[in-house]
Structure formats: C-alpha cells, structure tokens
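Chemist: Below is the file my_file_31.pdb, which contains PDB, C-alpha atoms.
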```pdb
ATOM      1  CA  MET A 684     130.434  68.694 105.987
ATOM      2  CA  LYS A 685     133.337  71.145 105.977
ATOM      3  CA  THR A 686     136.713  69.576 105.067
ATOM      4  CA  LYS A 687     140.071  70.274 106.734
ATOM      5  CA  GLU A 688     141.904  73.324 105.433
ATOM      6  CA  HIS A 689     145.103  72.726 103.448
ATOM      7  CA  THR A 690     148.373  74.154 104.759
ATOM      8  CA  ARG A 691     149.964  77.320 103.389
ATOM      9  CA  GLN A 692     152.804  75.174 101.977
ATOM     10  CA  VAL A 693     150.379  73.062  99.938
ATOM     11  CA  ARG A 694     148.644  76.154  98.594
ATOM     12  CA  ASP A 695     151.995  77.724  97.630
ATOM     13  CA  THR A 696     153.007  74.525  95.838
ATOM     14  CA  VAL A 697     149.765  74.575  93.817
ATOM     15  CA  VAL A 698     150.481  78.137  92.673
ATOM     16  CA  GLU A 699     154.127  77.410  91.846
ATOM     17  CA  LYS A 700     153.152  74.451  89.655
ATOM     18  CA  PHE A 701     150.468  76.555  87.979
ATOM     19  CA  LYS A 702     153.035  79.264  87.224
ATOM     20  CA  ALA A 703     155.279  76.573  85.716
ATOM     21  CA  GLY A 704     152.512  75.677  83.260
ATOM     22  CA  VAL A 705     151.266  72.499  84.934
ATOM     23  CA  GLY A 706     147.530  71.861  84.379
ATOM     24  CA  TYR A 707     144.860  71.464  87.053
ATOM     25  CA  LYS A 708     144.550  67.718  86.563
ATOM     26  CA  LYS A 709     148.282  67.008  86.935
ATOM     27  CA  ILE A 710     148.559  69.298  89.992
ATOM     28  CA  SER A 711     145.603  67.458  91.537
ATOM     29  CA  GLN A 712     147.215  64.066  90.917
ATOM     30  CA  ALA A 713     150.668  65.158  92.103
ATOM     31  CA  LEU A 714     149.454  66.615  95.424
ATOM     32  CA  ASN A 715     146.561  64.178  95.948
ATOM     33  CA  ILE A 716     143.945  66.889  96.287
ATOM     34  CA  SER A 717     140.750  67.378  94.332
ATOM     35  CA  ARG A 718     140.722  69.304  91.077
ATOM     36  CA  SER A 719     138.072  71.696  92.438
ATOM     37  CA  THR A 720     140.357  72.542  95.370
ATOM     38  CA  VAL A 721     143.211  73.278  92.988
ATOM     39  CA  GLN A 722     140.933  75.539  91.000
ATOM     40  CA  ALA A 723     139.734  77.357  94.141
ATOM     41  CA  ILE A 724     143.311  77.982  95.345
ATOM     42  CA  ILE A 725     144.378  79.376  91.967
ATOM     43  CA  LEU A 726     141.283  81.562  91.592
ATOM     44  CA  LYS A 727     141.917  83.040  95.044
ATOM     45  CA  TRP A 728     145.573  83.685  94.137
ATOM     46  CA  LYS A 729     144.577  85.369  90.875
ATOM     47  CA  GLU A 730     142.145  87.676  92.671
ATOM     48  CA  TYR A 731     144.152  88.540  95.783
ATOM     49  CA  GLN A 732     147.770  87.682  94.753
ATOM     50  CA  THR A 733     148.240  85.615  97.909
ATOM     51  CA  THR A 734     147.589  82.165  99.299
ATOM     52  CA  ALA A 735     147.383  83.356 102.893
ATOM     53  CA  ASN A 736     144.117  83.229 104.823
ATOM     54  CA  LEU A 737     142.239  86.514 104.425
ATOM     55  CA  PRO A 738     140.495  88.350 107.309
ATOM     56  CA  ARG A 739     137.105  86.767 107.987
ATOM     57  CA  PRO A 740     133.856  88.605 108.882
ATOM     58  CA  GLY A 741     133.731  87.179 112.424
ATOM     59  CA  ARG A 742     132.320  84.289 114.372
ATOM     60  CA  PRO A 743     129.988  82.084 112.333
ATOM     61  CA  SER A 744     126.280  82.691 112.941
ATOM     62  CA  LYS A 745     124.621  80.511 115.550
ATOM     63  CA  LEU A 746     121.493  80.465 113.406
ATOM     64  CA  SER A 747     121.234  78.614 110.141
ATOM     65  CA  SER A 748     120.064  80.541 107.098
ATOM     66  CA  ARG A 749     116.835  78.536 107.177
ATOM     67  CA  THR A 750     116.114  79.512 110.795
ATOM     68  CA  ARG A 751     116.946  83.167 110.062
ATOM     69  CA  ARG A 752     114.449  83.188 107.208
ATOM     70  CA  LYS A 753     111.818  81.608 109.473
ATOM     71  CA  LEU A 754     112.356  84.251 112.182
ATOM     72  CA  ILE A 755     111.959  87.081 109.689
ATOM     73  CA  ARG A 756     108.898  85.427 108.158
ATOM     74  CA  ASP A 757     107.253  84.874 111.571
ATOM     75  CA  ALA A 758     107.883  88.455 112.706
ATOM     76  CA  ALA A 759     106.539  89.864 109.431
ATOM     77  CA  LYS A 760     103.384  87.715 109.525
ATOM     78  CA  ARG A 761     102.766  88.200 113.259
ATOM     79  CA  PRO A 762     104.089  91.665 114.190
ATOM     80  CA  MET A 763     103.010  91.258 117.833
ATOM     81  CA  ILE A 764     104.948  88.032 118.379
ATOM     82  CA  THR A 765     107.302  88.356 121.363
ATOM     83  CA  LEU A 766     111.018  87.619 121.588
ATOM     84  CA  ASP A 767     110.244  84.797 124.030
ATOM     85  CA  GLU A 768     107.977  83.146 121.466
ATOM     86  CA  LEU A 769     110.606  83.501 118.737
ATOM     87  CA  GLN A 770     113.248  82.132 121.104
ATOM     88  CA  ARG A 771     111.123  79.060 121.806
ATOM     89  CA  SER A 772     110.558  78.492 118.098
ATOM     90  CA  THR A 773     114.321  78.428 117.438
ATOM     91  CA  ALA A 774     114.857  76.035 120.351
ATOM     92  CA  GLU A 775     112.287  73.660 118.858
ATOM     93  CA  VAL A 776     114.498  73.200 115.788
ATOM     94  CA  GLY A 777     117.601  72.659 117.916
ATOM     95  CA  GLU A 778     119.072  76.171 117.694
ATOM     96  CA  SER A 779     118.929  77.705 121.167
ATOM     97  CA  VAL A 780     120.109  81.315 121.052
ATOM     98  CA  HIS A 781     119.874  84.436 123.212
ATOM     99  CA  ARG A 782     117.129  87.021 122.687
ATOM    100  CA  THR A 783     119.715  89.584 121.553
ATOM    101  CA  THR A 784     120.788  87.260 118.733
ATOM    102  CA  ILE A 785     117.197  87.138 117.509
ATOM    103  CA  SER A 786     116.902  90.936 117.785
ATOM    104  CA  ARG A 787     120.070  91.459 115.724
ATOM    105  CA  THR A 788     118.826  89.068 113.085
ATOM    106  CA  LEU A 789     115.535  90.963 112.747
ATOM    107  CA  HIS A 790     117.311  94.336 112.771
ATOM    108  CA  LYS A 791     119.433  93.274 109.797
ATOM    109  CA  SER A 792     116.229  92.653 107.836
ATOM    110  CA  GLY A 793     114.862  96.092 108.752
ATOM    111  CA  LEU A 794     112.485  94.949 111.517
ATOM    112  CA  TYR A 795     112.618  96.832 114.828
ATOM    113  CA  GLU A 796     110.600  96.452 118.019
ATOM    114  CA  ARG A 797     108.396  99.514 118.402
ATOM    115  CA  VAL A 798     105.444 100.470 120.601
ATOM    116  CA  ALA A 799     102.167  99.645 118.872
ATOM    117  CA  ARG A 800     100.064 102.721 118.181
ATOM    118  CA  ARG A 801      96.537 102.690 119.556
ATOM    119  CA  LYS A 802      94.036 103.438 116.812
ATOM    120  CA  PRO A 803      90.221 103.321 116.631
ATOM    121  CA  PHE A 804      88.875 100.125 115.124
ATOM    122  CA  LEU A 805      87.756 100.901 111.577
ATOM    123  CA  LYS A 806      85.158  98.878 109.724
ATOM    124  CA  ASP A 807      84.710  99.235 105.974
ATOM    125  CA  ILE A 808      81.742 101.544 106.533
ATOM    126  CA  HIS A 809      83.955 103.821 108.642
ATOM    127  CA  LYS A 810      86.635 103.922 105.951
ATOM    128  CA  LYS A 811      84.097 104.813 103.265
ATOM    129  CA  SER A 812      82.666 107.597 105.431
ATOM    130  CA  ARG A 813      86.126 109.004 106.197
ATOM    131  CA  LEU A 814      87.126 108.884 102.545
ATOM    132  CA  LYS A 815      83.913 110.643 101.527
ATOM    133  CA  PHE A 816      84.476 113.399 104.112
ATOM    134  CA  ALA A 817      88.098 113.954 103.081
ATOM    135  CA  THR A 818      87.271 114.028  99.368
ATOM    136  CA  ARG A 819      84.356 116.433  99.880
ATOM    137  CA  HIS A 820      86.337 118.921 101.983
ATOM    138  CA  LEU A 821      89.802 118.729 100.411
ATOM    139  CA  GLY A 822      89.065 121.756  98.243
ATOM    140  CA  ASP A 823      87.589 123.925 101.028
ATOM    141  CA  THR A 824      89.191 127.345 101.495
ATOM    142  CA  PRO A 825      91.407 128.207 104.506
ATOM    143  CA  ASN A 826      88.773 130.734 105.620
ATOM    144  CA  MET A 827      86.199 127.958 105.910
ATOM    145  CA  TRP A 828      88.384 126.021 108.384
ATOM    146  CA  LYS A 829      89.079 129.207 110.353
ATOM    147  CA  LYS A 830      85.345 129.382 111.124
ATOM    148  CA  VAL A 831      85.289 125.891 112.685
ATOM    149  CA  LEU A 832      85.134 125.506 116.473
ATOM    150  CA  TRP A 833      86.631 122.080 117.230
ATOM    151  CA  SER A 834      85.594 120.152 120.355
ATOM    152  CA  ASP A 835      86.133 116.864 122.129
ATOM    153  CA  GLU A 836      86.325 115.132 125.503
ATOM    154  CA  THR A 837      89.345 113.317 126.854
ATOM    155  CA  LYS A 838      90.548 111.562 129.981
ATOM    156  CA  ILE A 839      93.510 112.937 131.920
ATOM    157  CA  GLU A 840      95.344 110.479 134.145
ATOM    158  CA  LEU A 841      96.766 111.487 137.491
ATOM    159  CA  PHE A 842      99.622 108.949 137.449
ATOM    160  CA  GLY A 843     101.284 106.835 134.785
ATOM    161  CA  HIS A 844     100.309 105.965 131.246
ATOM    162  CA  ASN A 845      98.493 103.129 129.527
ATOM    163  CA  ALA A 846     100.471  99.932 129.052
ATOM    164  CA  LYS A 847     102.566  99.703 125.904
ATOM    165  CA  ARG A 848     102.621  96.815 123.448
ATOM    166  CA  TYR A 849     105.580  96.279 121.154
ATOM    167  CA  VAL A 850     105.444  95.183 117.519
ATOM    168  CA  TRP A 851     108.042  94.260 114.904
ATOM    169  CA  ARG A 852     107.840  96.670 111.988
ATOM    170  CA  LYS A 853     109.854  98.535 109.388
ATOM    171  CA  SER A 854     110.278 102.308 109.142
ATOM    172  CA  ASN A 855     107.217 104.357 108.130
ATOM    173  CA  THR A 856     104.767 101.503 108.851
ATOM    174  CA  ALA A 857     103.632 102.606 112.340
ATOM    175  CA  HIS A 858     100.051 103.216 111.214
ATOM    176  CA  HIS A 859      99.511 100.026 109.227
ATOM    177  CA  PRO A 860      96.526  98.168 110.735
ATOM    178  CA  GLU A 861      98.622  95.145 111.770
ATOM    179  CA  HIS A 862     100.935  97.440 113.765
ATOM    180  CA  THR A 863      98.233  99.233 115.786
ATOM    181  CA  ILE A 864      96.002  98.405 118.749
ATOM    182  CA  PRO A 865      92.266  99.075 118.257
ATOM    183  CA  THR A 866      90.823 101.258 121.032
ATOM    184  CA  VAL A 867      87.445 102.368 122.248
ATOM    185  CA  LYS A 868      86.747 105.813 123.693
ATOM    186  CA  HIS A 869      87.367 106.663 127.346
ATOM    187  CA  GLY A 870      88.451 103.347 128.861
ATOM    188  CA  GLY A 871      88.423 104.970 132.320
ATOM    189  CA  GLY A 872      90.692 107.682 133.748
ATOM    190  CA  SER A 873      91.258 110.124 136.556
ATOM    191  CA  ILE A 874      89.207 113.049 135.247
ATOM    192  CA  MET A 875      87.273 113.800 132.089
ATOM    193  CA  VAL A 876      87.316 117.213 130.453
ATOM    194  CA  TRP A 877      85.537 118.884 127.543
ATOM    195  CA  ALA A 878      87.209 121.672 125.618
ATOM    196  CA  CYS A 879      87.147 123.507 122.302
ATOM    197  CA  PHE A 880      89.487 125.555 120.134
ATOM    198  CA  SER A 881      89.755 127.278 116.768
ATOM    199  CA  SER A 882      92.521 128.776 114.669
ATOM    200  CA  ALA A 883      92.183 131.882 116.881
ATOM    201  CA  GLY A 884      93.155 130.003 120.065
ATOM    202  CA  THR A 885      91.758 127.800 122.819
ATOM    203  CA  GLY A 886      88.203 128.138 124.107
ATOM    204  CA  LYS A 887      86.657 126.994 127.377
ATOM    205  CA  MET A 888      87.681 123.838 129.217
ATOM    206  CA  VAL A 889      85.213 122.120 131.563
ATOM    207  CA  LYS A 890      85.744 119.224 133.973
ATOM    208  CA  ILE A 891      82.963 116.656 133.625
ATOM    209  CA  ASP A 892      81.614 115.647 137.027
ATOM    210  CA  GLY A 893      80.335 112.099 137.187
ATOM    211  CA  LYS A 894      79.076 110.202 134.189
ATOM    212  CA  MET A 895      78.446 112.221 131.038
ATOM    213  CA  ASP A 896      74.904 112.008 129.677
ATOM    214  CA  GLY A 897      72.903 113.974 127.137
ATOM    215  CA  ALA A 898      71.577 116.500 129.653
ATOM    216  CA  LYS A 899      75.028 117.175 131.075
ATOM    217  CA  TYR A 900      76.477 117.584 127.577
ATOM    218  CA  ARG A 901      73.774 120.090 126.637
ATOM    219  CA  THR A 902      74.491 122.048 129.812
ATOM    220  CA  ILE A 903      78.169 122.236 128.859
ATOM    221  CA  LEU A 904      77.240 123.513 125.410
ATOM    222  CA  GLU A 905      74.754 126.078 126.703
ATOM    223  CA  GLU A 906      77.249 127.468 129.202
ATOM    224  CA  ASN A 907      80.419 127.362 127.113
ATOM    225  CA  LEU A 908      79.844 127.011 123.359
ATOM    226  CA  LEU A 909      78.599 130.452 122.343
ATOM    227  CA  GLU A 910      80.827 132.139 124.915
ATOM    228  CA  SER A 911      83.884 130.412 123.452
ATOM    229  CA  ALA A 912      82.867 131.377 119.910
ATOM    230  CA  GLN A 913      82.430 134.982 121.063
ATOM    231  CA  ASP A 914      85.788 135.067 122.897
ATOM    232  CA  LEU A 915      87.498 133.726 119.765
ATOM    233  CA  ARG A 916      85.620 136.232 117.582
ATOM    234  CA  LEU A 917      84.266 133.583 115.227
ATOM    235  CA  GLY A 918      81.043 135.485 114.515
ATOM    236  CA  ARG A 919      77.525 134.072 114.441
ATOM    237  CA  ARG A 920      78.170 131.939 111.361
ATOM    238  CA  PHE A 921      80.777 129.685 112.903
ATOM    239  CA  ILE A 922      80.693 125.920 112.356
ATOM    240  CA  PHE A 923      80.726 123.574 115.346
ATOM    241  CA  GLN A 924      82.565 120.253 115.195
ATOM    242  CA  GLN A 925      81.759 117.301 117.435
ATOM    243  CA  ASP A 926      82.103 113.544 117.007
ATOM    244  CA  ASN A 927      79.214 111.096 116.640
ATOM    245  CA  ASP A 928      78.875 110.043 120.265
ATOM    246  CA  PRO A 929      75.176 109.186 120.903
ATOM    247  CA  LYS A 930      74.963 112.000 123.476
ATOM    248  CA  HIS A 931      76.155 114.454 120.840
ATOM    249  CA  LYS A 932      73.650 113.248 118.247
ATOM    250  CA  ALA A 933      70.666 112.949 120.593
ATOM    251  CA  LYS A 934      67.436 114.564 119.392
ATOM    252  CA  SER A 935      67.436 117.128 122.222
ATOM    253  CA  THR A 936      71.040 118.076 121.459
ATOM    254  CA  MET A 937      70.341 118.545 117.764
ATOM    255  CA  GLU A 938      67.284 120.667 118.648
ATOM    256  CA  LEU A 939      69.562 122.867 120.746
ATOM    257  CA  PHE A 940      71.749 123.507 117.694
ATOM    258  CA  THR A 941      68.689 124.287 115.587
ATOM    259  CA  ASN A 942      67.242 126.688 118.160
ATOM    260  CA  LYS A 943      70.594 128.456 118.571
ATOM    261  CA  ARG A 944      71.101 128.468 114.788
ATOM    262  CA  ILE A 945      74.444 126.720 115.119
ATOM    263  CA  GLN A 946      75.746 124.916 112.036
ATOM    264  CA  VAL A 947      77.218 121.504 112.877
ATOM    265  CA  LEU A 948      79.939 119.927 110.751
ATOM    266  CA  GLU A 949      78.941 116.499 109.452
ATOM    267  CA  TRP A 950      81.514 114.148 110.930
ATOM    268  CA  PRO A 951      82.715 110.606 110.041
ATOM    269  CA  SER A 952      82.717 108.164 112.956
ATOM    270  CA  GLN A 953      85.948 106.796 114.455
ATOM    271  CA  SER A 954      88.008 109.745 113.219
ATOM    272  CA  PRO A 955      90.023 111.342 116.038
ATOM    273  CA  ASP A 956      92.926 111.712 113.597
ATOM    274  CA  LEU A 957      90.788 114.165 111.603
ATOM    275  CA  ASN A 958      90.230 116.337 114.672
ATOM    276  CA  PRO A 959      93.255 118.609 115.267
ATOM    277  CA  ILE A 960      92.311 118.915 118.934
ATOM    278  CA  ASP A 961      93.822 115.442 119.299
ATOM    279  CA  ASN A 962      97.267 117.024 118.874
ATOM    280  CA  LEU A 963      96.493 119.546 121.599
ATOM    281  CA  TRP A 964      95.363 116.775 123.953
ATOM    282  CA  LYS A 965      98.754 115.072 123.650
ATOM    283  CA  GLU A 966     100.623 118.320 124.255
ATOM    284  CA  LEU A 967      98.359 119.170 127.183
ATOM    285  CA  LYS A 968      98.889 115.806 128.895
ATOM    286  CA  THR A 969     102.654 116.068 128.479
ATOM    287  CA  ALA A 970     102.700 119.571 129.983
ATOM    288  CA  VAL A 971     100.428 118.578 132.879
ATOM    289  CA  HIS A 972     102.400 115.443 133.789
ATOM    290  CA  LYS A 973     105.640 117.459 133.822
ATOM    291  CA  ARG A 974     104.120 119.462 136.683
ATOM    292  CA  SER A 975     103.434 116.222 138.635
ATOM    293  CA  PRO A 976      99.990 116.959 140.111
ATOM    294  CA  SER A 977      99.549 115.176 143.440
ATOM    295  CA  ASN A 978      95.755 115.068 143.560
ATOM    296  CA  LEU A 979      92.683 115.510 141.381
ATOM    297  CA  THR A 980      92.223 119.137 142.375
ATOM    298  CA  GLU A 981      95.726 119.994 141.198
ATOM    299  CA  LEU A 982      95.196 117.895 138.092
ATOM    300  CA  GLU A 983      92.131 119.929 137.102
ATOM    301  CA  LEU A 984      93.879 123.216 137.887
ATOM    302  CA  PHE A 985      97.004 122.324 135.882
ATOM    303  CA  CYS A 986      94.878 121.161 132.948
ATOM    304  CA  LYS A 987      93.044 124.473 132.734
ATOM    305  CA  GLU A 988      96.238 126.484 133.174
ATOM    306  CA  GLU A 989      98.162 124.570 130.515
ATOM    307  CA  TRP A 990      95.172 124.681 128.143
ATOM    308  CA  ALA A 991      95.078 128.463 128.429
ATOM    309  CA  ARG A 992      98.841 128.629 127.767
ATOM    310  CA  ILE A 993      98.601 126.972 124.343
ATOM    311  CA  SER A 994      99.586 129.680 121.881
ATOM    312  CA  VAL A 995      97.382 131.123 119.171
ATOM    313  CA  SER A 996     100.147 130.418 116.647
ATOM    314  CA  ARG A 997     100.067 126.722 117.564
ATOM    315  CA  CYS A 998      96.301 126.591 117.040
ATOM    316  CA  ALA A 999      96.556 128.504 113.767
ATOM    317  CA  LYS A1000      99.261 126.138 112.489
ATOM    318  CA  LEU A1001      97.081 123.086 113.118
ATOM    319  CA  ILE A1002      94.252 124.578 111.083
ATOM    320  CA  GLU A1003      96.556 125.867 108.354
ATOM    321  CA  THR A1004      97.847 122.337 107.745
ATOM    322  CA  TYR A1005      94.415 120.689 107.965
ATOM    323  CA  PRO A1006      94.253 119.874 104.222
ATOM    324  CA  LYS A1007      97.242 117.575 104.780
ATOM    325  CA  ARG A1008      95.103 115.474 107.137
ATOM    326  CA  LEU A1009      92.459 115.115 104.474
ATOM    327  CA  ALA A1010      95.063 114.173 101.876
ATOM    328  CA  ALA A1011      96.497 111.561 104.262
ATOM    329  CA  VAL A1012      93.068 109.947 104.708
ATOM    330  CA  ILE A1013      92.605 109.863 100.947
ATOM    331  CA  GLY A1014      96.076 108.346 100.576
ATOM    332  CA  ALA A1015      95.182 105.699 103.159
ATOM    333  CA  LYS A1016      91.879 105.016 101.334
ATOM    334  CA  GLY A1017      89.951 105.913 104.462
ATOM    335  CA  GLY A1018      92.281 104.018 106.783
ATOM    336  CA  ALA A1019      93.943 105.307 109.938
ATOM    337  CA  THR A1020      96.604 108.002 109.693
ATOM    338  CA  LYS A1021      98.810 109.716 112.241
TER     339      LYS A1021
END
```
For the structure just supplied, provide its representation as structure tokens.
Modeler:
Amino acid sequence: MKTKEHTRQVRDTVVEKFKAGVGYKKISQALNISRSTVQAIILKWKEYQTTANLPRPGRPSKLSSRTRRKLIRDAAKRPMITLDELQRSTAEVGESVHRTTISRTLHKSGLYERVARRKPFLKDIHKKSRLKFATRHLGDTPNMWKKVLWSDETKIELFGHNAKRYVWRKSNTAHHPEHTIPTVKHGGGSIMVWACFSSAGTGKMVKIDGKMDGAKYRTILEENLLESAQDLRLGRRFIFQQDNDPKHKAKSTMELFTNKRIQVLEWPSQSPDLNPIDNLWKELKTAVHKRSPSNLTELELFCKEEWARISVSRCAKLIETYPKRLAAVIGAKGGATK
C-alpha cells in the first residue's frame, strides 16, 4: 500500500544532512524515516538537483497492469471479440471502465478496430492449387497475359452494402485468416452481371436474367465471348479465363470451347484475388452507387455505362502488374492476399 508523502521540509533536511557528510543510517535515525526513503530522496536530488515534486504523467490508470495485459491478450487471441465483451471481462475482476478506456489501452499496444475483410474460405487443397498456379505462371511473359480475356460474374446491389464486422488487428495484418470473414459466392443481390476484359480494355457486359444455369452461361459465351475478343483485337489464339463454377466446367461448356478452338486457362478454385477483374468490380460498384440508381432498370443502365467508361490504361495497368499477384500468393504460401 502506498505510504504518505514526506513534506518538502523533511526532504530538504535529508539533503542538507547528506551535504554535511552525515550517512544514510544516521539521517534515518535522526528524522525517524526509513533508510530506503533517505536513499530515494538523495538519489532524486542527485539526478534532478531538487527535492520538489516533479510533473507527473497524469491521472493514474483505472486498469491494473494485470488487467491491461489480459485485455491485450484476449484481443490478440480473439480478434473478433467486441468492446462490450471486453468491458464485461474487466467488470468481472472488479475494474469497471468505459469502452473508450479499453480502446485506448488496445491502441497503445498497436491494436485497432478495423472492418474484417471478406475472403473465400481456403482449405489446404485450395492453397496448394493456388501456390502451384502462381509458381507455374510467375515466369510467363507480359505478352502471354495480354492475350488473356478475363471474365467473372458479380452481384450489384441497388441500395446499401453488406454488413461490416470489426476486428482488433495491427497494421499490415488485414489479410491474415483470423482477421477475415469467409464468404461464398453470390449470397443474393439486386442484379447479376457477367463481363470480361483484357489489357486492351473492357469487353461485353450482360445482365443475367433469372437463375444462372449451364445453358444460360453457354448462351452468354456464344453471344459475347468471341465478339469481345474481336473488339479487343486479341486474335484467334487468345486465352479465356473463368473460375471453376460447376456451370463453367460442365461437359457441354467444355465441348463449346473445344468446338470453337478456345484455349481455357487452368484456374485454381477460390481465387478471386488472382482475377484482376475483381478490382474492376469494386471500382464499378463505387461509380454506380455514386449515381444513386433508383430502380433496377437504372442500375443495369448505369452498370453498363460505367463499365464502358473504364479506361484502357486502367485495364493495361492491372495486367502489367499481374506478376505481383502471383508473387503475393507465393509469399502467402497459397493463402489469401489482397
């Protein structure tokens, strides 16, 4: 327990006696204070040349050092723990504090509340496949990637965005598995669209009416794939990229590619981060929502208009930097990247 502070007069007397050559023991006996206190007063005087109280850092912490360590440990082990849960845990040990006090404590240790990134759930088999793909193609020439026609489907919402979940994390750890939310494809949405692009610019965009099935997907390809490749001047030897959705890999779909003599890029499952069209989807949705479409007809119109407005230089830049994506997957040992 903290003892009462000695007066300035007592501290000055200790120093005066010390200057006069009196030893610690005799000073302690003369003033009836402990020898350790005498030593502390003299050491402070030697360092600061004063016996006055020095400026203090501020109000003492409401949390004990033990509780602070527990908060940091809990947030590090369970990144998705909420402030309410942490607040209850401190109250259980008799230290009731405000949520902002807990936040400040975690901030001092480098932990900040951030929105959890949504990432595809990756099994070990997915990671091995992604690592194999990245390793195999890391040395491919820029001209090879310029021949690729990238494709995908996405949902475009009319209003709002998906709910956010916050996590406690340090800088540059946004994509660690414990800081992300596993997702599955197309959890609903206002409209679904299919589109493609290459380093030469954006290709066709098609709104998908109703539920997508193999027949509908093949119709989209027959009506838009070769025309897009021709518009982008990719030549007959272009390479088509698609993910491993069952509709994409169906026997009839693969026969279509064979009959049309279209080379298909072998693709690792659960790898939207390897498809540069994912960047264009984010930019498209931002541009469309800025225009505030009021109905589905406007939503479709704005999507097609904004897709056509994406510059060739933007598309070319995404393909030019593609080797960095492969290097990131290798660095993550097949795990999720940006």
Chemist: For stretch 717-722 of chain A, please output as JSON, numbers by chain all residues within 7 Å (counting only C-alpha atoms; exclusion window: fewer than 6 positions along the same chain).
Modeler: {"A": [697, 707, 708, 711]}
Chemist: Could you dump the residues just selected with C-alpha atoms as a JSON list (two decimals), in the coordinates of the input?
Modeler:
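As a result, out-v2.json now contains:
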```json
[["chain", "number", "residue", "atom", "x", "y", "z"],
["A", 697, "VAL", "CA", 149.76, 74.58, 93.82],
["A", 707, "TYR", "CA", 144.86, 71.46, 87.05],
["A", 708, "LYS", "CA", 144.55, 67.72, 86.56],
["A", 711, "SER", "CA", 145.60, 67.46, 91.54]]
```
Chemist: Kindly indicate which residue among A:Lys894, A:Lys838, A:Lys830, A:Lys987 lies nearest to A:Phe921, using all atoms listed in the file for the distances.
Modeler: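 Ranked by minimum distance to A:Phe921, first place goes to A:Lys830.
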Chemist: Could you tell me how far atom CA of A:Arg691 sits from atom CA of A:Gly741, in Å to one decimal place?
Modeler: 21.0 Å
Chemist: What is the distance, in Å and to one decimal place, between atom CA of A:Ala759 and atom CA of A:Arg782?
Modeler: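 Straight-line distance from atom CA of A:Ala759 to atom CA of A:Arg782 works out to 17.2 Å.
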Chemist: Could you work out how far atom CA of A:Gly893 lies from atom CA of A:Glu840, giving the answer in Å with one decimal?
Modeler: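 These two atoms are separated by 15.4 Å.
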Chemist: Evaluate the PyMOL selection byres ((chain A and resi 862) around 7) here and jot the selected residues down as number ranges by chain.
Modeler: A: 762, 799-800, 850, 857-861, 863
Chemist: Mind running stretch 687-804 of chain A against stretch 946-957 of chain A at 10 Å and telling me each contacting residue's nearest atom pair with the distance in Å (one decimal), counting all atoms listed in the file, chain and number ascending, as a Markdown table?
Modeler:
```
| residue | atom | partner | partner_atom | distance |
| --- | --- | --- | --- | --- |
| A:Lys802 | CA | A:Pro955 | CA | 8.9 |
| A:Pro803 | CA | A:Gln953 | CA | 5.9 |
| A:Phe804 | CA | A:Gln953 | CA | 7.3 |
```
Chemist: Store the residues picked out above, limited to C-alpha atoms, as an mmCIF file, in the coordinates of the input.
Modeler:
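Heads up, here's the output in part_18.cif:
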```cif
data_model
loop_
_atom_site.group_PDB
_atom_site.id
_atom_site.type_symbol
_atom_site.label_atom_id
_atom_site.label_comp_id
_atom_site.auth_asym_id
_atom_site.auth_seq_id
_atom_site.Cartn_x
_atom_site.Cartn_y
_atom_site.Cartn_z
ATOM 1 C CA LYS A 802 94.036 103.438 116.812
ATOM 2 C CA PRO A 803 90.221 103.321 116.631
ATOM 3 C CA PHE A 804 88.875 100.125 115.124
#
```
Chemist: Please identify all polymer residues within 10 Å of A:Ile785, counting all atoms listed in the file, omitting same-chain residues fewer than 5 positions from it, and present them as a PyMOL selection string.
Modeler: chain A and resi 746+751+754-755+766-767+769-770+773+780+790
Chemist: Tell me which of A:Gln925, A:Thr690, A:Asn978, A:Ser744 sits closest to A:Glu836, counting only C-alpha atoms.
Modeler: A:Gln925
Chemist: Which one of A:Lys700, A:Arg992, A:Lys745, A:Lys932 sits closest to A:Arg787 if you count all atoms listed in the file?
Modeler: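 Going through A:Lys700, A:Arg992, A:Lys745, A:Lys932 one by one, the smallest distance to A:Arg787 is for A:Lys745.
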Chemist: Nearest to A:Arg819 among A:Val995, A:Val1012, A:Ile716, A:Ile922, with distances taken over all atoms listed in the file: which residue is it?
Modeler: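 Using all atoms listed in the file, A:Arg819 sits closest to A:Val1012.
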Chemist: Could you give me, as number ranges by chain, the residues within 6 Å of stretch 897-914 of chain A, counting only C-alpha atoms and dropping anything in the same chain fewer than 4 positions from it?
Modeler: A: 886-887, 930
Chemist: I need the residues from that last selection saved to file as an mmCIF file, in the frame of the given file (with C-alpha atoms), if you can.
Modeler:
```
data_model
loop_
_atom_site.group_PDB
_atom_site.id
_atom_site.type_symbol
_atom_site.label_atom_id
_atom_site.label_comp_id
_atom_site.auth_asym_id
_atom_site.auth_seq_id
_atom_site.Cartn_x
_atom_site.Cartn_y
_atom_site.Cartn_z
ATOM 1 C CA GLY A 886 88.203 128.138 124.107
ATOM 2 C CA LYS A 887 86.657 126.994 127.377
ATOM 3 C CA LYS A 930 74.963 112.000 123.476
#
```
Chemist: Just checking: using only C-alpha atoms, which residue out of A:Tyr849, A:Phe923, A:Trp877, A:Tyr1005 ends up closest to A:Ala758?
Modeler: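 So, comparing all the options, the nearest one is A:Tyr849.
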Chemist: Name all residues at most 8 Å from A:Tyr795 (count all atoms listed in the file; drop same-chain ones fewer than 2 positions away) and give them as a PyMOL selection string.
Modeler: chain A and resi 786+789-790+793+797+850-853
Chemist: Build an axis-aligned box that encloses every atom of stretch 957-976 of chain A listed in the file, pad it by 8 Å on each side, and report its centre and edge lengths in Å to one decimal, as lines of an AutoDock Vina configuration file.
Modeler:
```
center_x = 97.9
center_y = 116.9
center_z = 125.9
size_x = 31.4
size_y = 21.4
size_z = 44.5
```
Chemist: Selection in question (the file shown): the PyMOL selection byres ((chain A and resi 817) around 9). Which residues does it include, as JSON, numbers by chain?
Modeler: {"A": [812, 813, 814, 815, 816, 818, 819, 820, 821, 957, 1006, 1008, 1009, 1010, 1011, 1012, 1013, 1017]}
Chemist: Excluding stretch 958-965 of chain A and its own-chain neighbours fewer than 2 positions away, which residues fall within 7 Å of it when counting only C-alpha atoms? Please give them as a ChimeraX atom specification.
Modeler: /A:833-834,955-956,967-969,1001
Chemist: Go ahead and find all residues with at least one atom no further than 6 Å from (95.9, 112.3, 138.8) in the file's coordinates, using all atoms listed in the file; report them as a PyMOL selection string.
Modeler: chain A and resi 840-842+873+978-979+982
Chemist: Write a file of the selected residues as a PDB file, keeping the file's coordinate frame, keeping C-alpha atoms.
Modeler:
```
ATOM      1  CA  GLU A 840      95.344 110.479 134.145  1.00  0.00           C
ATOM      2  CA  LEU A 841      96.766 111.487 137.491  1.00  0.00           C
ATOM      3  CA  PHE A 842      99.622 108.949 137.449  1.00  0.00           C
ATOM      4  CA  SER A 873      91.258 110.124 136.556  1.00  0.00           C
ATOM      5  CA  ASN A 978      95.755 115.068 143.560  1.00  0.00           C
ATOM      6  CA  LEU A 979      92.683 115.510 141.381  1.00  0.00           C
ATOM      7  CA  LEU A 982      95.196 117.895 138.092  1.00  0.00           C
TER       8      LEU A 982
END
```
Chemist: From the list A:Cys986, A:Glu775, A:Ala991, A:Arg752, which residue is nearest A:Met875 when using all atoms listed in the file?
Modeler: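 The answer is A:Cys986, which sits nearest to A:Met875.
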Chemist: Given the point (152.1, 79.3, 103.1) in the coordinates of this file, which residues lie within 12 Å, counting all atoms listed in the file, and how would they look as a list in words?
Modeler: His689, Thr690, Arg691, Gln692, Val693, Arg694, Asp695, Thr696, Val697, Val698, Glu699, Ile724, Trp728, Thr733, Thr734, Ala735 and Asn736 of chain A
